[in-house]
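Asks: My structure is in target-v3.tsv, and what it holds is TSV, C-alpha atoms and all ligand atoms:
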```tsv
chain	number	residue	atom	x	y	z
A	1	MET	CA	60.33	-30.16	103.40
A	2	LEU	CA	59.33	-32.18	100.34
A	3	ARG	CA	62.04	-31.72	97.71
A	4	PHE	CA	63.76	-33.46	94.84
A	5	THR	CA	66.94	-33.21	92.87
A	6	THR	CA	67.90	-34.83	89.58
A	7	ALA	CA	71.21	-35.82	88.01
A	8	GLY	CA	72.23	-37.24	84.67
A	9	GLU	CA	72.97	-36.25	81.08
A	10	SER	CA	70.89	-36.75	77.96
A	11	HIS	CA	73.28	-39.33	76.46
A	12	GLY	CA	74.82	-40.53	79.73
A	13	PRO	CA	74.05	-43.94	81.29
A	14	ALA	CA	70.90	-42.90	83.16
A	15	LEU	CA	68.87	-40.20	84.85
A	16	THR	CA	68.59	-40.27	88.62
A	17	VAL	CA	66.16	-38.51	90.94
A	18	ILE	CA	65.96	-38.42	94.71
A	19	LEU	CA	62.62	-37.34	96.19
A	20	GLU	CA	62.49	-36.70	99.91
A	21	GLY	CA	59.51	-35.97	102.16
A	22	ILE	CA	56.91	-38.48	100.98
A	23	PRO	CA	55.29	-40.02	104.09
A	24	ALA	CA	55.63	-43.73	104.90
A	25	GLY	CA	52.89	-46.14	103.90
A	26	LEU	CA	52.02	-44.76	100.47
A	27	PRO	CA	51.29	-47.65	98.10
A	28	LEU	CA	53.71	-47.24	95.18
A	29	LEU	CA	54.52	-49.45	92.20
A	30	ALA	CA	56.94	-48.90	89.33
A	31	ALA	CA	53.88	-48.98	87.07
A	32	ASP	CA	52.53	-45.82	88.80
A	33	VAL	CA	55.63	-43.99	87.56
A	34	ASP	CA	56.02	-45.71	84.19
A	35	VAL	CA	52.56	-44.66	83.05
A	36	ASP	CA	53.60	-40.99	83.24
A	37	LEU	CA	57.04	-41.65	81.75
A	38	THR	CA	55.30	-43.16	78.73
A	39	ARG	CA	52.81	-40.27	78.50
A	40	ARG	CA	55.75	-37.83	78.38
A	41	GLN	CA	57.26	-39.70	75.43
A	42	GLN	CA	54.21	-39.28	73.21
A	43	GLY	CA	53.18	-36.45	70.94
A	44	TYR	CA	53.18	-35.75	67.22
A	45	GLY	CA	56.30	-33.82	66.26
A	46	ARG	CA	58.87	-35.71	68.36
A	47	GLY	CA	62.11	-36.79	66.69
A	48	ARG	CA	63.91	-40.13	66.32
A	49	ARG	CA	65.21	-40.16	69.90
A	50	MET	CA	61.77	-41.06	71.22
A	51	GLN	CA	61.80	-44.22	69.09
A	52	ILE	CA	65.00	-45.30	70.86
A	53	GLU	CA	63.91	-44.71	74.46
A	54	ARG	CA	61.41	-46.83	76.44
A	55	ASP	CA	61.51	-45.02	79.77
A	56	GLN	CA	61.01	-47.25	82.81
A	57	VAL	CA	61.79	-46.55	86.45
A	58	GLU	CA	63.90	-48.66	88.78
A	59	PHE	CA	63.46	-47.89	92.49
A	60	GLN	CA	66.81	-47.74	94.25
A	61	GLY	CA	65.68	-46.64	97.70
A	62	GLY	CA	62.71	-45.66	99.85
A	63	VAL	CA	60.22	-48.25	98.58
A	64	ARG	CA	59.71	-51.74	100.02
A	65	ALA	CA	57.07	-54.34	99.21
A	66	GLY	CA	55.01	-51.83	97.24
A	67	GLU	CA	54.98	-49.11	99.93
A	68	THR	CA	57.07	-46.07	100.71
A	69	THR	CA	59.09	-46.26	103.95
A	70	GLY	CA	59.47	-42.52	104.57
A	71	ALA	CA	63.11	-42.61	103.39
A	72	PRO	CA	64.28	-40.65	100.33
A	73	ILE	CA	62.91	-42.30	97.20
A	74	ALA	CA	65.72	-42.87	94.71
A	75	MET	CA	64.77	-43.64	91.12
A	76	ARG	CA	66.86	-44.49	88.07
A	77	ILE	CA	65.75	-44.33	84.45
A	78	ALA	CA	68.22	-45.82	81.97
A	79	ASN	CA	69.04	-44.04	78.71
A	80	ARG	CA	68.89	-46.64	75.96
A	81	ASP	CA	70.78	-44.28	73.67
A	82	TRP	CA	73.78	-44.59	76.03
A	83	ALA	CA	74.75	-47.70	74.08
A	84	ASN	CA	75.48	-45.42	71.08
A	85	TRP	CA	77.23	-42.71	73.10
A	86	GLN	CA	79.49	-44.58	75.54
A	87	GLU	CA	82.72	-43.44	73.94
A	88	ILE	CA	81.63	-39.83	73.76
A	89	MET	CA	80.10	-39.64	77.24
A	90	ASP	CA	82.48	-41.96	79.15
A	91	PRO	CA	83.17	-40.44	82.60
A	92	ALA	CA	86.73	-41.86	82.45
A	93	PRO	CA	89.41	-40.36	80.15
A	94	ARG	CA	90.13	-42.53	77.09
A	95	GLU	CA	93.52	-43.49	75.66
A	96	GLY	CA	94.48	-41.62	72.52
A	97	ASP	CA	91.69	-39.10	72.94
A	98	ALA	CA	93.76	-35.93	72.78
A	99	ASP	CA	91.29	-33.47	74.23
A	100	GLY	CA	89.40	-36.05	76.28
A	101	ARG	CA	86.19	-35.26	74.42
A	102	ARG	CA	84.59	-36.35	71.14
A	103	ARG	CA	81.90	-34.90	68.95
A	104	ALA	CA	82.64	-31.50	70.41
A	105	VAL	CA	79.93	-28.89	69.77
A	106	THR	CA	81.37	-25.46	69.06
A	107	ARG	CA	78.74	-24.00	66.69
A	108	VAL	CA	76.52	-22.89	69.58
A	109	ARG	CA	72.76	-22.79	69.00
A	110	PRO	CA	70.93	-19.47	69.46
A	111	GLY	CA	68.30	-19.85	72.19
A	112	HIS	CA	69.95	-22.88	73.84
A	113	ALA	CA	72.14	-22.92	76.98
A	114	ASP	CA	75.19	-23.72	74.77
A	115	LEU	CA	76.89	-20.33	74.66
A	116	THR	CA	75.97	-18.84	78.03
A	117	GLY	CA	76.84	-22.12	79.79
A	118	LEU	CA	80.12	-22.54	77.94
A	119	LEU	CA	81.27	-19.05	78.91
A	120	LYS	CA	80.06	-19.29	82.50
A	121	TYR	CA	81.49	-22.77	83.16
A	122	ASP	CA	84.67	-22.13	81.13
A	123	ARG	CA	84.26	-25.13	78.80
A	124	ASP	CA	85.52	-25.38	75.22
A	125	ASP	CA	82.94	-28.01	74.21
A	126	ALA	CA	79.27	-27.00	74.49
A	127	ARG	CA	78.46	-30.71	74.92
A	128	ASP	CA	79.41	-30.30	78.59
A	129	ILE	CA	76.51	-27.83	78.81
A	130	LEU	CA	73.90	-29.15	76.40
A	131	GLU	CA	73.94	-32.70	77.73
A	132	ARG	CA	72.59	-31.42	81.02
A	133	ALA	CA	70.47	-28.55	79.63
A	134	SER	CA	68.66	-31.06	77.38
A	135	ALA	CA	64.98	-31.56	78.07
A	136	ARG	CA	65.80	-35.24	78.55
A	137	GLU	CA	66.22	-34.23	82.23
A	138	THR	CA	62.47	-33.75	82.49
A	139	THR	CA	62.10	-37.57	82.49
A	140	ALA	CA	63.45	-37.51	86.04
A	141	ARG	CA	61.06	-34.72	87.02
A	142	VAL	CA	58.12	-36.68	85.67
A	143	ALA	CA	59.18	-39.64	87.84
A	144	ALA	CA	59.21	-37.41	90.95
A	145	GLY	CA	55.88	-35.90	89.90
A	146	ALA	CA	54.32	-39.33	89.42
A	147	VAL	CA	55.07	-40.25	93.05
A	148	CYS	CA	53.61	-36.92	94.21
A	149	ARG	CA	50.55	-37.51	92.01
A	150	ARG	CA	50.15	-40.91	93.73
A	151	LEU	CA	50.21	-39.16	97.14
A	152	LEU	CA	47.60	-36.57	96.12
A	153	ALA	CA	45.42	-39.30	94.58
A	154	GLU	CA	45.03	-40.78	98.08
A	155	PHE	CA	42.99	-37.65	98.86
A	156	GLY	CA	41.02	-37.56	95.63
A	157	VAL	CA	43.15	-34.89	93.91
A	158	THR	CA	43.49	-35.32	90.13
A	159	ILE	CA	45.94	-33.50	87.84
A	160	GLY	CA	45.39	-33.28	84.09
A	161	SER	CA	46.41	-31.15	81.15
A	162	HIS	CA	45.58	-30.47	77.53
A	163	LEU	CA	47.14	-28.50	74.70
A	164	VAL	CA	45.33	-25.22	73.93
A	165	HIS	CA	47.63	-23.63	71.34
A	166	LEU	CA	50.28	-24.79	68.87
A	167	GLY	CA	52.34	-22.63	66.53
A	168	GLY	CA	49.68	-19.99	65.85
A	169	ILE	CA	46.62	-22.30	66.02
A	170	ASP	CA	44.18	-22.11	68.95
A	171	ALA	CA	42.19	-25.12	70.18
A	172	VAL	CA	38.69	-24.62	71.56
A	173	ALA	CA	38.19	-26.91	74.55
A	174	PRO	CA	34.73	-28.16	75.60
A	175	ASP	CA	33.16	-26.39	78.60
A	176	PRO	CA	33.01	-28.06	81.04
A	177	LEU	CA	36.18	-30.05	80.46
A	178	PRO	CA	35.84	-33.86	80.41
A	179	ALA	CA	35.69	-35.46	83.88
A	180	ASP	CA	38.76	-37.55	83.01
A	181	LEU	CA	40.82	-34.85	81.34
A	182	ASN	CA	43.90	-36.97	80.69
A	183	ALA	CA	41.95	-39.88	79.21
A	184	ALA	CA	40.51	-37.44	76.65
A	185	ALA	CA	43.74	-35.53	76.02
A	186	ASP	CA	45.97	-38.62	75.80
A	187	ALA	CA	43.70	-39.99	73.06
A	188	SER	CA	44.87	-37.13	70.80
A	189	PRO	CA	48.37	-37.22	69.22
A	190	LEU	CA	48.73	-33.59	70.27
A	191	ARG	CA	46.87	-33.91	73.58
A	192	THR	CA	44.26	-31.43	72.39
A	193	LEU	CA	40.48	-31.65	72.83
A	194	ASP	CA	39.63	-29.88	69.54
A	195	ALA	CA	39.66	-32.35	66.62
A	196	ALA	CA	39.49	-29.66	63.90
A	197	ALA	CA	42.37	-27.70	65.43
A	198	GLU	CA	44.30	-30.95	65.83
A	199	ALA	CA	44.15	-31.63	62.09
A	200	ALA	CA	45.36	-28.09	61.32
A	201	MET	CA	48.16	-28.43	63.88
A	202	VAL	CA	49.35	-31.74	62.42
A	203	ALA	CA	49.48	-30.14	58.96
A	204	ARG	CA	51.38	-27.18	60.39
A	205	ILE	CA	53.93	-29.46	62.08
A	206	ASP	CA	54.48	-31.33	58.79
A	207	ALA	CA	55.00	-28.07	56.89
A	208	ILE	CA	57.34	-26.63	59.52
A	209	LYS	CA	59.32	-29.88	59.65
A	210	ALA	CA	59.84	-29.69	55.88
A	211	GLU	CA	61.27	-26.20	56.40
A	212	GLY	CA	63.69	-27.43	59.08
A	213	ASN	CA	61.99	-25.18	61.60
A	214	THR	CA	60.32	-25.67	65.01
A	215	LEU	CA	57.09	-24.67	66.86
A	216	GLY	CA	56.02	-23.68	70.38
A	217	GLY	CA	52.63	-23.63	72.07
A	218	VAL	CA	50.57	-23.52	75.25
A	219	CYS	CA	49.22	-26.24	77.56
A	220	GLU	CA	46.69	-25.83	80.35
A	221	VAL	CA	47.05	-27.80	83.58
A	222	VAL	CA	43.89	-28.40	85.64
A	223	VAL	CA	43.96	-29.75	89.20
A	224	ARG	CA	40.72	-30.83	90.84
A	225	GLY	CA	39.97	-31.86	94.41
A	226	LEU	CA	42.25	-29.47	96.34
A	227	PRO	CA	40.88	-28.00	99.58
A	228	VAL	CA	40.89	-24.27	100.39
A	229	GLY	CA	44.03	-23.04	102.13
A	230	LEU	CA	47.14	-24.59	100.55
A	231	GLY	CA	49.91	-21.97	100.34
A	232	SER	CA	49.79	-18.73	102.31
A	233	HIS	CA	49.30	-14.99	101.95
A	234	VAL	CA	51.71	-14.07	104.76
A	235	SER	CA	55.10	-14.15	103.02
A	236	TRP	CA	56.27	-13.80	99.43
A	237	ASP	CA	57.91	-17.18	99.23
A	238	ARG	CA	54.91	-19.06	100.63
A	239	LYS	CA	52.44	-17.76	98.03
A	240	LEU	CA	51.33	-20.76	96.00
A	241	ASP	CA	50.87	-18.82	92.76
A	242	GLY	CA	54.49	-17.66	92.87
A	243	ARG	CA	55.74	-21.15	93.67
A	244	LEU	CA	53.75	-22.72	90.85
A	245	ALA	CA	54.98	-20.09	88.39
A	246	GLN	CA	58.62	-20.69	89.36
A	247	ALA	CA	58.20	-24.43	88.93
A	248	MET	CA	56.62	-24.02	85.48
A	249	LEU	CA	59.24	-21.51	84.32
A	250	SER	CA	61.99	-23.97	85.29
A	251	ILE	CA	60.81	-26.36	82.55
A	252	PRO	CA	63.14	-26.03	79.54
A	253	ALA	CA	61.82	-23.58	76.89
A	254	VAL	CA	58.88	-22.41	79.03
A	255	LYS	CA	58.65	-18.63	78.75
A	256	GLY	CA	55.29	-17.72	80.26
A	257	VAL	CA	52.78	-18.79	82.92
A	258	GLY	CA	49.19	-17.63	83.38
A	259	LEU	CA	46.97	-18.45	86.36
A	260	GLY	CA	43.22	-18.64	85.68
A	261	ILE	CA	42.51	-16.25	82.82
A	262	GLY	CA	46.12	-15.05	83.14
A	263	PHE	CA	47.14	-11.96	81.11
A	264	GLU	CA	43.55	-11.52	79.95
A	265	ALA	CA	42.69	-10.25	83.48
A	266	ALA	CA	44.79	-7.13	82.82
A	267	ARG	CA	42.51	-6.12	79.91
A	268	ARG	CA	39.21	-6.42	81.79
A	269	THR	CA	37.48	-4.42	84.54
A	270	GLY	CA	37.32	-5.71	88.10
A	271	ALA	CA	33.67	-6.70	87.72
A	272	GLU	CA	34.64	-8.83	84.71
A	273	VAL	CA	37.51	-10.50	86.53
A	274	HIS	CA	36.68	-11.31	90.15
A	275	ASP	CA	34.62	-14.39	90.88
A	276	GLU	CA	31.47	-13.68	92.86
A	277	ILE	CA	30.87	-15.85	95.91
A	278	GLU	CA	27.61	-17.51	96.93
A	279	PRO	CA	26.52	-19.90	99.68
A	280	ALA	CA	26.97	-23.60	98.93
A	281	PRO	CA	26.09	-25.59	102.04
A	282	GLY	CA	27.80	-28.96	101.90
A	283	ALA	CA	30.62	-27.79	99.62
A	284	VAL	CA	33.21	-28.70	102.23
A	285	ARG	CA	36.48	-28.28	100.31
A	286	THR	CA	35.60	-24.69	99.38
A	287	GLY	CA	34.44	-23.86	102.93
A	288	GLY	CA	30.66	-23.94	102.42
A	289	VAL	CA	30.67	-21.39	99.57
A	290	ARG	CA	31.28	-21.50	95.83
A	291	ARG	CA	32.57	-19.10	93.16
A	292	ARG	CA	30.12	-18.32	90.33
A	293	SER	CA	33.07	-18.37	87.93
A	294	ASN	CA	36.69	-19.46	88.21
A	295	ARG	CA	38.63	-16.73	86.42
A	296	ALA	CA	41.09	-16.71	89.34
A	297	GLY	CA	41.95	-20.31	88.47
A	298	GLY	CA	41.54	-21.59	92.01
A	299	LEU	CA	43.93	-19.15	93.73
A	300	GLU	CA	43.22	-16.08	95.88
A	301	GLY	CA	45.84	-14.41	98.09
A	302	GLY	CA	48.44	-17.03	97.20
A	303	MET	CA	46.19	-19.81	98.58
A	304	THR	CA	43.95	-22.40	96.97
A	305	THR	CA	40.23	-21.57	97.03
A	306	GLY	CA	39.10	-25.18	96.56
A	307	GLU	CA	37.92	-24.42	93.01
A	308	PRO	CA	39.87	-26.14	90.21
A	309	LEU	CA	43.43	-24.87	89.86
A	310	VAL	CA	44.05	-23.70	86.28
A	311	ILE	CA	47.56	-22.95	84.98
A	312	GLN	CA	48.50	-22.00	81.42
A	313	VAL	CA	52.09	-22.75	80.42
A	314	ALA	CA	53.66	-21.27	77.26
A	315	MET	CA	56.65	-22.88	75.53
A	316	LYS	CA	58.89	-21.28	72.90
A	317	PRO	CA	59.89	-23.25	69.80
A	318	ILE	CA	62.76	-25.74	70.31
A	319	SER	CA	66.16	-24.14	69.69
A	320	THR	CA	67.71	-26.92	67.59
A	321	LEU	CA	66.69	-26.09	64.01
A	322	MET	CA	67.51	-28.49	61.18
A	323	ARG	CA	67.84	-25.40	58.97
A	324	PRO	CA	70.33	-23.79	61.33
A	325	LEU	CA	70.40	-20.16	62.42
A	326	ALA	CA	73.52	-18.02	62.17
A	327	THR	CA	75.98	-18.20	65.03
A	328	VAL	CA	79.67	-18.03	65.88
A	329	ASP	CA	81.97	-21.07	66.04
A	330	VAL	CA	83.52	-20.67	69.48
A	331	ALA	CA	86.60	-22.67	68.38
A	332	THR	CA	87.48	-20.20	65.58
A	333	GLY	CA	85.55	-17.04	66.44
A	334	GLN	CA	84.19	-17.08	62.87
A	335	PRO	CA	80.57	-16.90	61.68
A	336	ALA	CA	79.01	-20.37	61.23
A	337	ALA	CA	75.72	-22.24	60.95
A	338	ALA	CA	74.50	-23.55	64.33
A	339	ALA	CA	74.94	-27.25	65.17
A	340	ALA	CA	72.05	-29.58	64.21
A	341	GLU	CA	71.98	-33.38	64.26
A	342	ARG	CA	68.45	-34.43	65.06
A	343	SER	CA	65.69	-32.77	67.02
A	344	ASP	CA	61.99	-32.61	67.72
A	345	VAL	CA	59.83	-30.21	65.65
A	346	THR	CA	57.76	-29.57	68.75
A	347	ALA	CA	57.51	-31.02	72.26
A	348	VAL	CA	54.52	-29.01	73.52
A	349	PRO	CA	52.34	-32.13	74.16
A	350	ALA	CA	55.14	-33.57	76.33
A	351	MET	CA	55.54	-30.25	78.11
A	352	GLY	CA	51.93	-30.55	79.37
A	353	VAL	CA	52.81	-33.85	81.07
A	354	ILE	CA	55.95	-32.27	82.57
A	355	ALA	CA	53.89	-29.29	83.80
A	356	GLU	CA	51.49	-31.75	85.49
A	357	ALA	CA	54.51	-33.30	87.24
A	358	MET	CA	55.83	-29.95	88.44
A	359	ALA	CA	52.34	-29.02	89.69
A	360	ALA	CA	52.18	-32.37	91.54
A	361	VAL	CA	55.48	-31.66	93.28
A	362	ILE	CA	54.60	-28.10	94.36
A	363	LEU	CA	51.11	-29.13	95.50
A	364	SER	CA	52.48	-32.11	97.45
A	365	GLN	CA	54.94	-29.74	99.11
A	366	ALA	CA	52.10	-27.39	100.09
A	367	TRP	CA	50.02	-30.41	101.14
A	368	MET	CA	52.72	-31.68	103.52
A	369	GLU	CA	53.25	-28.17	104.92
A	370	LYS	CA	49.54	-27.92	105.70
A	371	PHE	CA	48.88	-31.46	106.91
A	372	GLY	CA	52.31	-32.84	107.83
A	373	GLY	CA	52.82	-36.39	109.03
A	374	ASP	CA	55.62	-38.95	108.84
A	375	ALA	CA	53.15	-41.67	107.89
A	376	LEU	CA	50.27	-41.47	105.44
A	377	THR	CA	47.90	-42.43	108.30
A	378	GLU	CA	48.97	-39.29	110.18
A	379	THR	CA	48.66	-37.07	107.10
A	380	ARG	CA	45.18	-38.45	106.55
A	381	ARG	CA	44.10	-37.81	110.17
A	382	ASN	CA	45.22	-34.21	109.91
A	383	HIS	CA	43.55	-33.73	106.53
A	384	ASP	CA	40.28	-35.29	107.68
A	385	ALA	CA	40.26	-33.15	110.86
A	386	TYR	CA	40.73	-29.99	108.76
A	387	LEU	CA	37.85	-30.94	106.46
A	388	SER	CA	35.59	-31.72	109.45
A	389	HIS	CA	36.43	-28.31	110.83
A	390	LEU	CA	35.72	-26.61	107.49
A	391	ALA	CA	32.35	-28.37	107.31
A	392	GLY	CA	31.34	-26.60	110.51
A	393	ARG	CA	32.41	-23.09	109.47
A	394	ILE	CA	30.19	-20.95	107.18
A	395	GLY	CA	26.39	-21.28	107.32
A	396	SER	CA	26.28	-24.63	109.06
A	401	LIG	C1	66.72	-32.66	73.08
A	401	LIG	C2	67.05	-33.23	71.85
A	401	LIG	C3	66.51	-34.53	71.41
A	401	LIG	C4	65.20	-34.77	72.12
A	401	LIG	C5	65.49	-34.67	73.60
A	401	LIG	C6	65.75	-33.26	73.98
A	401	LIG	O1	67.34	-35.63	71.79
A	401	LIG	P1	68.67	-36.00	70.99
A	401	LIG	O2	69.66	-34.91	71.28
A	401	LIG	O3	69.11	-37.33	71.60
A	401	LIG	O4	68.28	-36.11	69.56
A	401	LIG	O5	64.59	-35.97	71.76
A	401	LIG	O6	64.41	-35.13	74.36
A	401	LIG	C7	64.57	-36.30	75.02
A	401	LIG	C8	65.60	-37.11	74.89
A	401	LIG	C9	63.46	-36.61	75.92
A	401	LIG	O7	63.50	-37.67	76.59
A	401	LIG	O8	62.53	-35.80	75.99
A	401	LIG	C10	67.36	-31.42	73.54
A	401	LIG	O9	68.36	-30.98	72.95
A	401	LIG	O10	66.86	-30.79	74.51
```
Take the structure in the file and write it out as structure tokens.
Ligand code: EPS

Replies:
Amino acid sequence: MLRFTTAGESHGPALTVILEGIPAGLPLLAADVDVDLTRRQQGYGRGRRMQIERDQVEFQGGVRAGETTGAPIAMRIANRDWANWQEIMDPAPREGDADGRRRAVTRVRPGHADLTGLLKYDRDDARDILERASARETTARVAAGAVCRRLLAEFGVTIGSHLVHLGGIDAVAPDPLPADLNAAADASPLRTLDAAAEAAMVARIDAIKAEGNTLGGVCEVVVRGLPVGLGSHVSWDRKLDGRLAQAMLSIPAVKGVGLGIGFEAARRTGAEVHDEIEPAPGAVRTGGVRRRSNRAGGLEGGMTTGEPLVIQVAMKPISTLMRPLATVDVATGQPAAAAAERSDVTAVPAMGVIAEAMAAVILSQAWMEKFGGDALTETRRNHDAYLSHLAGRIGS
């Protein structure tokens, strides 16, 4: 089973991730990971923290001489800001520090994990919750996703994303999308493909920042090059659509996921939703057929169809507002203004990169379930045999 787990706090020494289940013999360099770490740090609307951090991975296990060994891949990403937080985040108790904690947060932020976590974990200082609930943790996920992306790239699978909505403004993307989706999206400060919408969004971010408020939005992830048959219809927890949705909803502040045309499918008739099928001799990955449209977003029956996978991911506005909302101070029980030090106005462009990473992990999991193999050579043999078999199925 391909799986990963992360550890680390936003202002602690580092983030750590252990990724298990990547076959041996995959070429892997730190640069393959760093490129995605840097992409996640971009985006108009980020706060001062992103000027402090320069995320770079350090392999601590599972990689030797530029290749994976099949062992768990351990990665560490240092927090530069740790230098400013050592006293506050020190794992050891400090002399003369009466309650063992500094810069306690008690004016819990509405919409954040502060209050629910503090009550559940029986803490007096919401810092024990927020340091881990912080979206800083997604750095570690992006590292895991970058390795999975490298695996899928061996088979010609590409994963990209672009921003389609920000704070009430829709972007109109070109149809078809650019062949190199990320090259086009990364060229925009908001990772959007609509220049007019981008200008309006930038102006909106500036206005909202001046108000001390925050904005959410929607990104679309597109995966090309998958073969038919990843995932399964036979059991609820093997359905790929459900697994992708869970992974997306686990990203901080993500509140909605749509596959293909998503919620729009509920408004239309069946004839306006389902993708008609026609012969396509030679289209091996889709089984010798093609869909005339791709409203299903590359998924039928919880399995890939071989058409591009399309996932829309909706993020709520960030819950740290510089013009704070009303709350209760948990130290006194009295009404108070929520805590606010610094924050991003929006992190929707970064969320698209994180959603790509989560898609890479889930798809690599499904890939290894379908094709298996302890070594990349074995995975490739199994994959190639499946494609040869598919080529001989319909109409050949
Ligand atoms: C975050 C608050 C800000 C963000 C941070 C997530 O950090 P700080 O509390 O240090 O000002 O910049 O995002 C990251 C550090 C990151 O790497 O994405 C929060 O409260 O979730």

Asks: Could you give me, as a VMD selection string, every polymer residue with an atom at most 8 Å away from an atom of ligand LIG 401 (chain A), counting all atoms listed in the file?

Replies: chain A and resid 10 to 11 40 to 41 46 to 50 53 81 130 to 131 133 to 139 252 318 to 320 341 to 344 347 350

Asks: Between atom CA of A:Ala340 and atom CA of A:Lys255, measure the distance and give it in Å to one decimal.

Replies: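 Distance reported for this atom pair: 22.6 Å.
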
Asks: For A:Asn79, please output as a ChimeraX atom specification all residues within 9 Å (counting all atoms listed in the file; exclusion window: fewer than 3 positions along the same chain).

Replies: /A:10-15,52-55,82-83

Asks: Give me, as a ChimeraX atom specification, all polymer residues having an atom no more than 6 Å from stretch 166-183 of chain A, counting all atoms listed in the file and skipping those fewer than 3 positions away in the same chain.

Replies: /A:160,186,193-194,197,215-217

Asks: Pick from A:Ser161, A:Gln56, A:Ser364, A:Asn213: nearest to A:Met1, with only C-alpha atoms counted?

Replies: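 Distance minimum relative to A:Met1 lands on A:Ser364.
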
Asks: Have a look at A:Arg150, A:Arg103, A:Lys316, A:Arg285 and name the one nearest to A:Ala253; count all atoms listed in the file.

Replies: A:Lys316

Asks: Could stretch 143-156 of chain A be completed with N, CA and C atoms and returned as a PDB file, in the frame of the given file?

Replies:
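Dumped to result-v3.pdb:
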```
ATOM      1  N   ALA A 143      59.167 -38.535  86.866  1.00  0.00           N
ATOM      2  CA  ALA A 143      59.180 -39.640  87.840  1.00  0.00           C
ATOM      3  C   ALA A 143      58.845 -39.109  89.235  1.00  0.00           C
ATOM      4  N   ALA A 144      59.487 -38.012  89.633  1.00  0.00           N
ATOM      5  CA  ALA A 144      59.210 -37.410  90.950  1.00  0.00           C
ATOM      6  C   ALA A 144      57.741 -36.982  91.025  1.00  0.00           C
ATOM      7  N   GLY A 145      57.271 -36.369  89.947  1.00  0.00           N
ATOM      8  CA  GLY A 145      55.880 -35.900  89.900  1.00  0.00           C
ATOM      9  C   GLY A 145      54.882 -37.037  89.988  1.00  0.00           C
ATOM     10  N   ALA A 146      55.237 -38.186  89.414  1.00  0.00           N
ATOM     11  CA  ALA A 146      54.320 -39.330  89.420  1.00  0.00           C
ATOM     12  C   ALA A 146      54.120 -39.842  90.851  1.00  0.00           C
ATOM     13  N   VAL A 147      55.191 -39.827  91.645  1.00  0.00           N
ATOM     14  CA  VAL A 147      55.070 -40.250  93.050  1.00  0.00           C
ATOM     15  C   VAL A 147      54.196 -39.246  93.809  1.00  0.00           C
ATOM     16  N   CYS A 148      54.408 -37.962  93.553  1.00  0.00           N
ATOM     17  CA  CYS A 148      53.610 -36.920  94.210  1.00  0.00           C
ATOM     18  C   CYS A 148      52.146 -37.024  93.776  1.00  0.00           C
ATOM     19  N   ARG A 149      51.921 -37.324  92.512  1.00  0.00           N
ATOM     20  CA  ARG A 149      50.550 -37.510  92.010  1.00  0.00           C
ATOM     21  C   ARG A 149      49.878 -38.676  92.772  1.00  0.00           C
ATOM     22  N   ARG A 150      50.672 -39.737  93.014  1.00  0.00           N
ATOM     23  CA  ARG A 150      50.150 -40.910  93.730  1.00  0.00           C
ATOM     24  C   ARG A 150      49.741 -40.517  95.157  1.00  0.00           C
ATOM     25  N   LEU A 151      50.535 -39.642  95.790  1.00  0.00           N
ATOM     26  CA  LEU A 151      50.210 -39.160  97.140  1.00  0.00           C
ATOM     27  C   LEU A 151      48.899 -38.368  97.114  1.00  0.00           C
ATOM     28  N   LEU A 152      48.801 -37.421  96.195  1.00  0.00           N
ATOM     29  CA  LEU A 152      47.600 -36.570  96.120  1.00  0.00           C
ATOM     30  C   LEU A 152      46.360 -37.386  95.770  1.00  0.00           C
ATOM     31  N   ALA A 153      46.551 -38.445  94.976  1.00  0.00           N
ATOM     32  CA  ALA A 153      45.420 -39.300  94.580  1.00  0.00           C
ATOM     33  C   ALA A 153      44.775 -39.961  95.792  1.00  0.00           C
ATOM     34  N   GLU A 154      45.575 -40.203  96.844  1.00  0.00           N
ATOM     35  CA  GLU A 154      45.030 -40.780  98.080  1.00  0.00           C
ATOM     36  C   GLU A 154      43.924 -39.897  98.660  1.00  0.00           C
ATOM     37  N   PHE A 155      43.951 -38.613  98.326  1.00  0.00           N
ATOM     38  CA  PHE A 155      42.990 -37.650  98.860  1.00  0.00           C
ATOM     39  C   PHE A 155      41.997 -37.184  97.801  1.00  0.00           C
ATOM     40  N   GLY A 156      41.990 -37.882  96.673  1.00  0.00           N
ATOM     41  CA  GLY A 156      41.020 -37.560  95.630  1.00  0.00           C
ATOM     42  C   GLY A 156      41.410 -36.407  94.721  1.00  0.00           C
TER      43      GLY A 156
END
```
